[in-house]
Amino acid sequence: MGSTDPPADGPSLERLSAVFRVYEARRDGDRLVYYGEPLVSRERLLEAAWPLFREHGYEVQLTTETGEYVLVAEPTDNSIDGIPWTNVVLFVLTVLSTLYAGRAWYHIDPATLGQNPLAILRAWPFTAAVVGVLLTHELGHYVMTRYHGVDATLPYFIPMPSLIGTMGAVIRMKGQMPDREALFDIGVAGPLAGLAATIVVTAIGLSLPPETVPPEMMTGPNVIQIEFGYPPLLQFIAALLGEPTTYPAGQSVNPVVIGGWVGMFITFLNLIPAGQLDGGHIVRAIVGEQQERIAALVPVALFGLAAYVFYVEEVSNASVLWVVWGLLATYVAYVGPANPIDDEGLDSKRKAVGILTFVLGILCFTPVPIEIIT
């Protein structure tokens, strides 16, 4: 049996005695290991022990080893060690994939690219709009993880050959969530920051001249027409600026507006109140464990929306989109939300901000976000 004296840089046994009876304490490399017997529930134990270890610079978890209960504390490290090459490479690939997607919105002929590959740089405003909105959203999350001392990665961008060239971006939280305030702040910061960038991008795009569509791209057996459904927020910005959202034949909306549309669509999807989506974080912070009941209803609502779009709006490709998100919502609801160590309720100001955020999210919704007509 090891020593009952705790490591010098860990909490004293007296401070743990009310929740955990320690009979061995030692250092294992850079970890602190406390063997003992819990005197309260797991939730109560972590709620009491987590701040004690945190003030010494450690993240603690309760686990078992060979049938024994063990508090394992590892050093917190929010620093960036060297160049995050994975993040950098994915970011560069996303810039390239959005440039290639933007080629279509600027009507750059593939033959032109074959003769002059640098012609693709004409699409840089579209790339700047899409990547800028995504980056601002994820940095909103990241800044708040740093503020609350939660260990998290830098944003990972996801390049994807598609109409917009990306599947978005994510950060991965590696540390434990200390309390509902941190959960709320981290969850709400992304949508609000991203939405602020989206409004700016949309206003700029609407103020720019429309694109001229070459005649050869308007007729023929293989022509595909893409129509965007503009959500109320985009229509409101257009009305405020006195700018149109539709143009006569031979013209199309400036591609920067599509970047704003992307920001609004992503904002709505992220605010779906299920699992560890942003909306799930916000609702979990506001209503506590009741969030799981709300999350269980989300897939039903999305499948119902898919049926409405298919049978009433008669837009099959958009209905498939909502079916896919219904399946994703089922999965994230099954995985469950993030659970904070301290589960005390939120203050009224944060609840009001949360409600406002969902109202803004609803303004980003349209039942038929995109329709592809062949």
# chains A, B, ... in the order shown; residues from 1 in each chain; ligands from 1
>>> residues_around(residues="Leu134 of chain A", least_positions_apart="2", cutoff="7 Å", atoms="only C-alpha atoms", output="PyMOL selection string")
chain A and resi 130-132+136-138+168-169+194
>>> write_last_selection(atoms="N, CA and C atoms", output="compact mmCIF listing (two decimals), in the first residue's frame")
# COMPACT_ATOMS: atom_id res chain seq x y z
N VAL A 130 -17.75 32.68 -46.94
CA VAL A 130 -18.08 31.40 -46.31
C VAL A 130 -17.10 31.08 -45.19
N VAL A 131 -15.81 31.15 -45.50
CA VAL A 131 -14.80 30.80 -44.49
C VAL A 131 -14.81 31.81 -43.34
N GLY A 132 -15.04 33.08 -43.66
CA GLY A 132 -15.08 34.10 -42.60
C GLY A 132 -16.21 33.86 -41.62
N THR A 136 -15.50 32.83 -37.73
CA THR A 136 -16.01 33.67 -36.64
C THR A 136 -16.87 32.87 -35.69
N HIS A 137 -17.72 31.99 -36.23
CA HIS A 137 -18.56 31.13 -35.39
C HIS A 137 -17.70 30.29 -34.44
N GLU A 138 -16.71 29.60 -35.01
CA GLU A 138 -15.90 28.69 -34.18
C GLU A 138 -15.00 29.44 -33.21
N GLY A 168 -18.51 22.71 -43.04
CA GLY A 168 -18.47 23.53 -41.83
C GLY A 168 -17.15 23.38 -41.09
N ALA A 169 -17.18 23.67 -39.81
CA ALA A 169 -15.99 23.59 -38.96
C ALA A 169 -16.43 23.23 -37.54
N GLY A 194 -21.07 34.11 -35.04
CA GLY A 194 -21.25 33.76 -36.45
C GLY A 194 -22.37 34.55 -37.09
>>> residues_around(residues="Asp185 of chain A", least_positions_apart="6", cutoff="12 Å", atoms="only C-alpha atoms", output="PyMOL selection string")
chain A and resi 140-148+150+177-179+191-193+278-279+281-286+346-347+349-351+353-354+357
>>> select_by_dssp(residues="segment 169-331 of chain A", states="helix (DSSP H, G or I)", output="VMD selection string")
chain A and resid 180 to 207 215 to 217 232 to 241 255 to 270 278 to 313 316 to 331
>>> write_last_selection(atoms="C-alpha atoms", output="mmCIF file, in the first residue's frame")
data_model
loop_
_atom_site.group_PDB
_atom_site.id
_atom_site.type_symbol
_atom_site.label_atom_id
_atom_site.label_comp_id
_atom_site.auth_asym_id
_atom_site.auth_seq_id
_atom_site.Cartn_x
_atom_site.Cartn_y
_atom_site.Cartn_z
ATOM 1 C CA ARG A 180 -23.900 25.677 -16.462
ATOM 2 C CA GLU A 181 -22.570 29.212 -16.974
ATOM 3 C CA ALA A 182 -19.563 27.895 -18.895
ATOM 4 C CA LEU A 183 -21.767 25.502 -20.874
ATOM 5 C CA PHE A 184 -24.128 28.327 -21.812
ATOM 6 C CA ASP A 185 -21.425 30.863 -22.660
ATOM 7 C CA ILE A 186 -19.510 28.411 -24.847
ATOM 8 C CA GLY A 187 -22.690 27.193 -26.557
ATOM 9 C CA VAL A 188 -24.178 30.623 -27.275
ATOM 10 C CA ALA A 189 -20.963 32.411 -28.292
ATOM 11 C CA GLY A 190 -20.601 30.565 -31.608
ATOM 12 C CA PRO A 191 -24.085 31.293 -33.021
ATOM 13 C CA LEU A 192 -24.049 34.924 -31.879
ATOM 14 C CA ALA A 193 -20.548 35.627 -33.215
ATOM 15 C CA GLY A 194 -21.252 33.764 -36.446
ATOM 16 C CA LEU A 195 -24.576 35.540 -36.886
ATOM 17 C CA ALA A 196 -22.936 38.941 -36.445
ATOM 18 C CA ALA A 197 -20.465 38.046 -39.209
ATOM 19 C CA THR A 198 -23.325 36.659 -41.306
ATOM 20 C CA ILE A 199 -25.281 39.927 -41.128
ATOM 21 C CA VAL A 200 -22.224 41.907 -42.235
ATOM 22 C CA VAL A 201 -21.484 39.478 -45.091
ATOM 23 C CA THR A 202 -25.125 39.508 -46.222
ATOM 24 C CA ALA A 203 -25.301 43.302 -46.229
ATOM 25 C CA ILE A 204 -22.073 43.539 -48.259
ATOM 26 C CA GLY A 205 -23.264 40.888 -50.714
ATOM 27 C CA LEU A 206 -26.629 42.538 -51.277
ATOM 28 C CA SER A 207 -24.867 45.851 -51.960
ATOM 29 C CA PRO A 215 -26.157 32.673 -72.317
ATOM 30 C CA GLU A 216 -24.691 29.198 -72.878
ATOM 31 C CA MET A 217 -25.245 28.401 -69.178
ATOM 32 C CA PRO A 232 -36.757 36.037 -42.981
ATOM 33 C CA LEU A 233 -33.532 37.564 -41.633
ATOM 34 C CA LEU A 234 -31.975 37.788 -45.099
ATOM 35 C CA GLN A 235 -35.160 39.256 -46.542
ATOM 36 C CA PHE A 236 -35.286 41.791 -43.722
ATOM 37 C CA ILE A 237 -31.691 42.909 -44.387
ATOM 38 C CA ALA A 238 -32.481 43.253 -48.088
ATOM 39 C CA ALA A 239 -35.586 45.330 -47.345
ATOM 40 C CA LEU A 240 -33.638 47.511 -44.926
ATOM 41 C CA LEU A 241 -31.003 48.215 -47.575
ATOM 42 C CA PRO A 255 -22.104 34.976 -54.625
ATOM 43 C CA VAL A 256 -21.237 36.844 -51.413
ATOM 44 C CA VAL A 257 -24.964 36.749 -50.589
ATOM 45 C CA ILE A 258 -24.727 32.957 -50.781
ATOM 46 C CA GLY A 259 -22.041 33.197 -48.094
ATOM 47 C CA GLY A 260 -24.564 35.029 -45.919
ATOM 48 C CA TRP A 261 -27.164 32.367 -46.684
ATOM 49 C CA VAL A 262 -24.658 29.709 -45.605
ATOM 50 C CA GLY A 263 -24.119 31.524 -42.300
ATOM 51 C CA MET A 264 -27.852 31.666 -41.580
ATOM 52 C CA PHE A 265 -28.415 28.034 -42.533
ATOM 53 C CA ILE A 266 -25.531 26.887 -40.332
ATOM 54 C CA THR A 267 -26.781 29.062 -37.471
ATOM 55 C CA PHE A 268 -30.210 27.412 -37.609
ATOM 56 C CA LEU A 269 -28.780 23.894 -37.798
ATOM 57 C CA ASN A 270 -26.406 24.508 -34.892
ATOM 58 C CA ASP A 278 -24.964 24.510 -29.779
ATOM 59 C CA GLY A 279 -28.714 24.521 -29.199
ATOM 60 C CA GLY A 280 -28.364 21.436 -27.030
ATOM 61 C CA HIS A 281 -25.717 23.163 -24.908
ATOM 62 C CA ILE A 282 -27.896 26.248 -24.471
ATOM 63 C CA VAL A 283 -31.052 24.325 -23.542
ATOM 64 C CA ARG A 284 -29.097 22.000 -21.210
ATOM 65 C CA ALA A 285 -27.712 25.053 -19.435
ATOM 66 C CA ILE A 286 -31.151 26.673 -19.120
ATOM 67 C CA VAL A 287 -33.415 23.747 -18.173
ATOM 68 C CA GLY A 288 -30.951 21.172 -16.876
ATOM 69 C CA GLU A 289 -31.585 17.488 -17.386
ATOM 70 C CA GLN A 290 -35.028 18.203 -18.879
ATOM 71 C CA GLN A 291 -33.111 18.982 -22.064
ATOM 72 C CA GLU A 292 -33.108 15.290 -22.960
ATOM 73 C CA ARG A 293 -36.922 15.268 -23.165
ATOM 74 C CA ILE A 294 -36.813 18.212 -25.542
ATOM 75 C CA ALA A 295 -34.072 16.563 -27.614
ATOM 76 C CA ALA A 296 -36.217 13.439 -28.013
ATOM 77 C CA LEU A 297 -38.879 15.513 -29.791
ATOM 78 C CA VAL A 298 -36.454 17.104 -32.257
ATOM 79 C CA PRO A 299 -36.145 14.149 -34.697
ATOM 80 C CA VAL A 300 -39.951 13.862 -34.780
ATOM 81 C CA ALA A 301 -40.205 17.547 -35.706
ATOM 82 C CA LEU A 302 -37.564 17.230 -38.435
ATOM 83 C CA PHE A 303 -39.164 14.131 -39.958
ATOM 84 C CA GLY A 304 -42.505 15.975 -39.868
ATOM 85 C CA LEU A 305 -40.871 18.928 -41.617
ATOM 86 C CA ALA A 306 -39.503 16.572 -44.279
ATOM 87 C CA ALA A 307 -43.002 15.207 -44.878
ATOM 88 C CA TYR A 308 -44.426 18.738 -45.148
ATOM 89 C CA VAL A 309 -41.779 19.798 -47.673
ATOM 90 C CA PHE A 310 -42.314 16.636 -49.737
ATOM 91 C CA TYR A 311 -46.113 16.514 -49.798
ATOM 92 C CA VAL A 312 -47.079 20.197 -49.481
ATOM 93 C CA GLU A 313 -44.154 22.114 -50.977
ATOM 94 C CA SER A 316 -38.105 16.268 -52.888
ATOM 95 C CA ASN A 317 -34.435 17.272 -52.605
ATOM 96 C CA ALA A 318 -35.159 19.616 -49.684
ATOM 97 C CA SER A 319 -37.193 16.894 -47.941
ATOM 98 C CA VAL A 320 -34.174 14.581 -48.167
ATOM 99 C CA LEU A 321 -32.114 17.266 -46.418
ATOM 100 C CA TRP A 322 -34.487 17.297 -43.435
ATOM 101 C CA VAL A 323 -34.614 13.483 -43.318
ATOM 102 C CA VAL A 324 -30.816 13.432 -43.077
ATOM 103 C CA TRP A 325 -30.886 15.991 -40.268
ATOM 104 C CA GLY A 326 -33.628 14.032 -38.540
ATOM 105 C CA LEU A 327 -31.321 11.003 -38.516
ATOM 106 C CA LEU A 328 -28.392 13.107 -37.281
ATOM 107 C CA ALA A 329 -30.569 14.625 -34.540
ATOM 108 C CA THR A 330 -31.607 11.117 -33.486
ATOM 109 C CA TYR A 331 -27.952 10.175 -33.100
#
>>> closest_residue(among="A:Leu139, A:Val332, A:Leu90, A:Ala101", to="Phe126 of chain A", atoms="only C-alpha atoms")
A:Ala101
>>> atom_distance(atom1="atom CA of His107 of chain A", atom2="atom CA of Glu211 of chain A")
8.4 Å
>>> closest_residue(among="A:Asn254, A:Phe53, A:Ser97, A:Arg31", to="Pro159 of chain A", atoms="only C-alpha atoms")
A:Ser97
>>> residues_around(residues="Leu32 of chain A", least_positions_apart="2", cutoff="7 Å", atoms="only C-alpha atoms", output="JSON, numbers by chain")
{"A": [26, 27, 28, 30, 34, 72, 73, 74]}
>>> write_last_selection(atoms="C-alpha atoms", output="compact mmCIF listing (two decimals), in the first residue's frame")
# COMPACT_ATOMS: atom_id res chain seq x y z
CA ARG A 26 0.73 9.16 -4.93
CA ARG A 27 2.13 10.75 -8.06
CA ASP A 28 2.15 8.70 -11.27
CA ASP A 30 2.45 13.95 -14.27
CA TYR A 34 -5.94 9.12 -5.04
CA VAL A 72 -7.15 10.62 -11.30
CA ALA A 73 -5.98 14.20 -11.78
CA GLU A 74 -4.14 15.32 -14.92
>>> closest_residue(among="A:Gly242, A:Gly229, A:Gly149, A:Pro209", to="Cys364 of chain A", atoms="only C-alpha atoms")
A:Gly229
>>> closest_residue(among="A:Thr112, A:Thr66, A:Gln176, A:Gln225", to="Ile372 of chain A", atoms="only C-alpha atoms")
A:Gln225
>>> select_by_dssp(residues="segment 166-209 of chain A", states="strand (DSSP E)", output="list in words")
Thr166, Met167, Gly168, Ala169 and Val170 of chain A
>>> write_last_selection(atoms="C-alpha atoms", output="mmCIF file, in the first residue's frame")
data_model
loop_
_atom_site.group_PDB
_atom_site.id
_atom_site.type_symbol
_atom_site.label_atom_id
_atom_site.label_comp_id
_atom_site.auth_asym_id
_atom_site.auth_seq_id
_atom_site.Cartn_x
_atom_site.Cartn_y
_atom_site.Cartn_z
ATOM 1 C CA THR A 166 -17.325 22.677 -47.062
ATOM 2 C CA MET A 167 -19.215 20.804 -44.380
ATOM 3 C CA GLY A 168 -18.467 23.527 -41.834
ATOM 4 C CA ALA A 169 -15.990 23.587 -38.962
ATOM 5 C CA VAL A 170 -15.826 22.248 -35.415
#
>>> residues_around(residues="Thr76 of chain A", least_positions_apart="5", cutoff="7 Å", atoms="only C-alpha atoms", output="list in words")
Gly57, Tyr58 and Glu59 of chain A
>>> closest_residue(among="A:Val213, A:Ile224, A:Leu271, A:Val359", to="Gly250 of chain A", atoms="only C-alpha atoms")
A:Val213
>>> closest_residue(among="A:Val368, A:Ala128, A:Val335, A:Leu163", to="Gly275 of chain A", atoms="only C-alpha atoms")
A:Val335
